[in-house]
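What follows is one structure encoded as structure tokens, with my remarks underneath.
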Amino acid sequence: MLEASGGKVFTRGDLRFLASMVRPGESLPLSYQRAGQKLTATLTAGRNDPQAVPAGSTFRLDSLPGIDFRKGRKGLVVEQIGKKEKAKTGLAVGMEIVEINGKPVADASAAGAALVEGVNQVKARTGADDQTLAIRLPLNAERE
């Protein structure tokens with residue numbers, strides 16, 4: 001059982017709704033049970049930065065659907081990729097994209113800014129090996 005702000009929470013939707021009502025800087029007290037022990041925590045809402053990606057979390061780039069990334073040491077690491085996307089891009093799980101079109105891509109916003117419609121030159125690293133891939137993004141007219 002979970003409680004938030006003194007009320008019972010029955011579903012994830014209940015918790016999402018309560019959390020959505022918390023303004024940036026405000027807190028939401030939580031209580032829950034784990035291994036029969038009642039524990040408490042406080043959720044504090046931060047400011048919404050659309051470019052921010054929490055450390056360790058995965059994300060997708062709008063222009064590269066079907067590929068999950070996480071922030072790596074020097075670029076974006078492929079966490080998960082569909083068969084179709086793997087065949088189209090040459091990317092594989094574990095590869096770290098370090099440059100797109102000659103620009104370093106340390107985060108999602110840099111990658112999004114570097115990608116262009118048409119052919120993109122992507123420098124990817126697997127262990128100590130670097131390779132250059134050509135990843136083609138469709139033109140607007142081809143998407144429709």
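Residue numbering restarts at 1 in every chain; chains get A, B, ... in the order shown in the structure tokens, and ligands count up from 1 in that same order.
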- [ ] Pull the strand (DSSP E) assignments for chain A out of DSSP run on the backbone, and list those residues as a VMD selection string.
- [x] chain A and resid 2 to 4 7 to 9 27 to 34 37 to 44 67 to 71 76 to 81 96 to 100 103 to 104 118 to 126 129 to 137
- [ ] Record the distance separating atom CA of A:Gly75 and atom CA of A:Glu99, expressed in Å with one decimal.
- [x] 7.6 Å
- [ ] Report the residues of stretch 2-138 of chain A whose backbone DSSP state falls under alpha helix (DSSP H), written as JSON, numbers by chain.
- [x] {"A": [12, 13, 14, 15, 16, 17, 18, 19, 20, 83, 84, 85, 86, 87, 88, 89, 108, 109, 110, 111, 112, 113, 114]}
Print the selection's residues with N, CA, C and O atoms to a file, as a CSV table (one decimal), in the first residue's frame.
```
chain,number,residue,atom,x,y,z
A,12,ARG,N,-0.8,3.2,-10.3
A,12,ARG,CA,0.2,4.2,-10.8
A,12,ARG,C,-0.4,5.4,-11.3
A,12,ARG,O,0.2,6.5,-11.1
A,13,GLY,N,-1.6,5.3,-11.9
A,13,GLY,CA,-2.3,6.5,-12.4
A,13,GLY,C,-2.6,7.5,-11.2
A,13,GLY,O,-2.5,8.7,-11.4
A,14,ASP,N,-3.0,6.9,-10.1
A,14,ASP,CA,-3.3,7.8,-8.9
A,14,ASP,C,-2.0,8.6,-8.5
A,14,ASP,O,-2.1,9.8,-8.3
A,15,LEU,N,-0.9,7.9,-8.5
A,15,LEU,CA,0.4,8.5,-8.1
A,15,LEU,C,0.8,9.6,-9.1
A,15,LEU,O,1.2,10.7,-8.8
A,16,ARG,N,0.7,9.2,-10.4
A,16,ARG,CA,1.0,10.2,-11.5
A,16,ARG,C,0.1,11.4,-11.4
A,16,ARG,O,0.6,12.5,-11.5
A,17,PHE,N,-1.2,11.2,-11.1
A,17,PHE,CA,-2.0,12.4,-11.0
A,17,PHE,C,-1.6,13.3,-9.8
A,17,PHE,O,-1.5,14.5,-9.9
A,18,LEU,N,-1.4,12.7,-8.6
A,18,LEU,CA,-1.0,13.4,-7.5
A,18,LEU,C,0.4,14.2,-7.7
A,18,LEU,O,0.5,15.3,-7.4
A,19,ALA,N,1.3,13.5,-8.3
A,19,ALA,CA,2.6,14.1,-8.6
A,19,ALA,C,2.5,15.2,-9.6
A,19,ALA,O,3.2,16.2,-9.5
A,20,SER,N,1.5,15.1,-10.6
A,20,SER,CA,1.4,16.2,-11.6
A,20,SER,C,0.8,17.5,-10.9
A,20,SER,O,0.9,18.5,-11.5
A,83,LYS,N,15.1,-4.6,-35.1
A,83,LYS,CA,15.7,-5.2,-36.2
A,83,LYS,C,15.7,-4.3,-37.4
A,83,LYS,O,16.7,-4.2,-38.2
A,84,LYS,N,14.6,-3.7,-37.7
A,84,LYS,CA,14.5,-2.8,-38.9
A,84,LYS,C,15.5,-1.6,-38.8
A,84,LYS,O,16.2,-1.3,-39.7
A,85,GLU,N,15.5,-1.0,-37.6
A,85,GLU,CA,16.4,0.1,-37.4
A,85,GLU,C,17.9,-0.3,-37.5
A,85,GLU,O,18.7,0.5,-38.0
A,86,LYS,N,18.2,-1.5,-36.9
A,86,LYS,CA,19.6,-2.0,-37.0
A,86,LYS,C,20.0,-2.2,-38.4
A,86,LYS,O,21.1,-1.8,-38.8
A,87,ALA,N,19.1,-2.7,-39.3
A,87,ALA,CA,19.4,-2.9,-40.7
A,87,ALA,C,19.6,-1.6,-41.4
A,87,ALA,O,20.5,-1.5,-42.3
A,88,LYS,N,18.8,-0.6,-41.1
A,88,LYS,CA,18.8,0.7,-41.8
A,88,LYS,C,20.0,1.5,-41.4
A,88,LYS,O,20.6,2.2,-42.2
A,89,THR,N,20.4,1.4,-40.1
A,89,THR,CA,21.4,2.4,-39.6
A,89,THR,C,22.8,1.7,-39.4
A,89,THR,O,23.8,2.5,-39.5
A,108,ALA,N,21.6,14.4,-25.7
A,108,ALA,CA,20.5,14.3,-26.6
A,108,ALA,C,20.3,15.6,-27.4
A,108,ALA,O,20.0,15.6,-28.6
A,109,SER,N,20.4,16.8,-26.8
A,109,SER,CA,20.2,18.0,-27.5
A,109,SER,C,21.2,18.2,-28.6
A,109,SER,O,20.9,18.7,-29.7
A,110,ALA,N,22.5,17.9,-28.3
A,110,ALA,CA,23.6,18.0,-29.3
A,110,ALA,C,23.3,17.1,-30.5
A,110,ALA,O,23.5,17.5,-31.6
A,111,ALA,N,22.9,15.9,-30.2
A,111,ALA,CA,22.6,14.9,-31.2
A,111,ALA,C,21.4,15.4,-32.1
A,111,ALA,O,21.5,15.4,-33.3
A,112,GLY,N,20.4,15.9,-31.5
A,112,GLY,CA,19.2,16.4,-32.2
A,112,GLY,C,19.6,17.6,-33.1
A,112,GLY,O,19.1,17.7,-34.2
A,113,ALA,N,20.5,18.4,-32.6
A,113,ALA,CA,20.9,19.6,-33.4
A,113,ALA,C,21.8,19.2,-34.5
A,113,ALA,O,21.8,19.9,-35.6
A,114,ALA,N,22.6,18.1,-34.4
A,114,ALA,CA,23.5,17.7,-35.4
A,114,ALA,C,22.9,16.9,-36.5
A,114,ALA,O,23.4,16.9,-37.7
```
- [ ] Quick one: everything within 6 Å of stretch 123-125 of chain A, counting only C-alpha atoms, minus sequence neighbours fewer than 2 positions away in the same chain. Send it as a VMD selection string.
- [x] chain A and resid 95 to 99 129 to 132
Would you list the contacts of stretch 135-139 of chain A as a compact mmCIF listing (two decimals) with N, CA and C atoms, in the first residue's frame, taking every protein, DNA or RNA residue within 9 Å and counting only C-alpha atoms, but skipping same-chain residues closer than 4 positions in sequence?
```txt
# COMPACT_ATOMS: atom_id res chain seq x y z
N SER A 63 14.13 11.94 -34.42
CA SER A 63 14.56 11.63 -35.78
C SER A 63 15.11 10.21 -35.93
N LEU A 64 15.32 9.48 -34.82
CA LEU A 64 15.78 8.10 -34.88
C LEU A 64 14.83 7.20 -34.06
N LYS A 88 18.77 -0.62 -41.09
CA LYS A 88 18.81 0.67 -41.78
C LYS A 88 20.01 1.52 -41.38
N THR A 89 20.42 1.44 -40.10
CA THR A 89 21.44 2.36 -39.60
C THR A 89 22.83 1.74 -39.44
N GLY A 90 22.90 0.43 -39.23
CA GLY A 90 24.18 -0.20 -38.94
C GLY A 90 24.56 -0.11 -37.48
N LEU A 115 21.80 16.23 -36.27
CA LEU A 115 21.15 15.41 -37.29
C LEU A 115 20.44 16.30 -38.31
N VAL A 116 20.57 15.94 -39.58
CA VAL A 116 19.91 16.68 -40.65
C VAL A 116 19.14 15.70 -41.53
N GLU A 117 18.19 16.23 -42.30
CA GLU A 117 17.50 15.39 -43.27
C GLU A 117 18.50 14.98 -44.34
N GLY A 118 18.35 13.77 -44.84
CA GLY A 118 19.30 13.26 -45.83
C GLY A 118 20.33 12.39 -45.13
N VAL A 119 21.54 12.35 -45.69
CA VAL A 119 22.58 11.46 -45.17
C VAL A 119 23.38 12.15 -44.06
N ASN A 120 23.56 11.43 -42.96
CA ASN A 120 24.34 11.91 -41.82
C ASN A 120 25.55 11.00 -41.63
N GLN A 121 26.71 11.62 -41.41
CA GLN A 121 27.93 10.86 -41.13
C GLN A 121 28.02 10.69 -39.62
N VAL A 122 27.98 9.44 -39.16
CA VAL A 122 27.95 9.15 -37.73
C VAL A 122 29.20 8.37 -37.34
N ARG A 143 8.32 11.45 -45.72
CA ARG A 143 7.67 11.00 -44.48
C ARG A 143 6.16 10.93 -44.65
```
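You will find atom CA of A:Gly7 at 14.6 Å from atom CA of A:Val22.
Counting only C-alpha atoms and comparing A:Ala106, A:Ala45, A:Ala134, A:Ile67, the residue that lies closest to A:Glu26 is A:Ala45.
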- [ ] Tell me which of A:Gly25, A:Val78, A:Leu43, A:Gln33 sits closest to A:Ala4, counting only C-alpha atoms.
- [x] A:Leu43
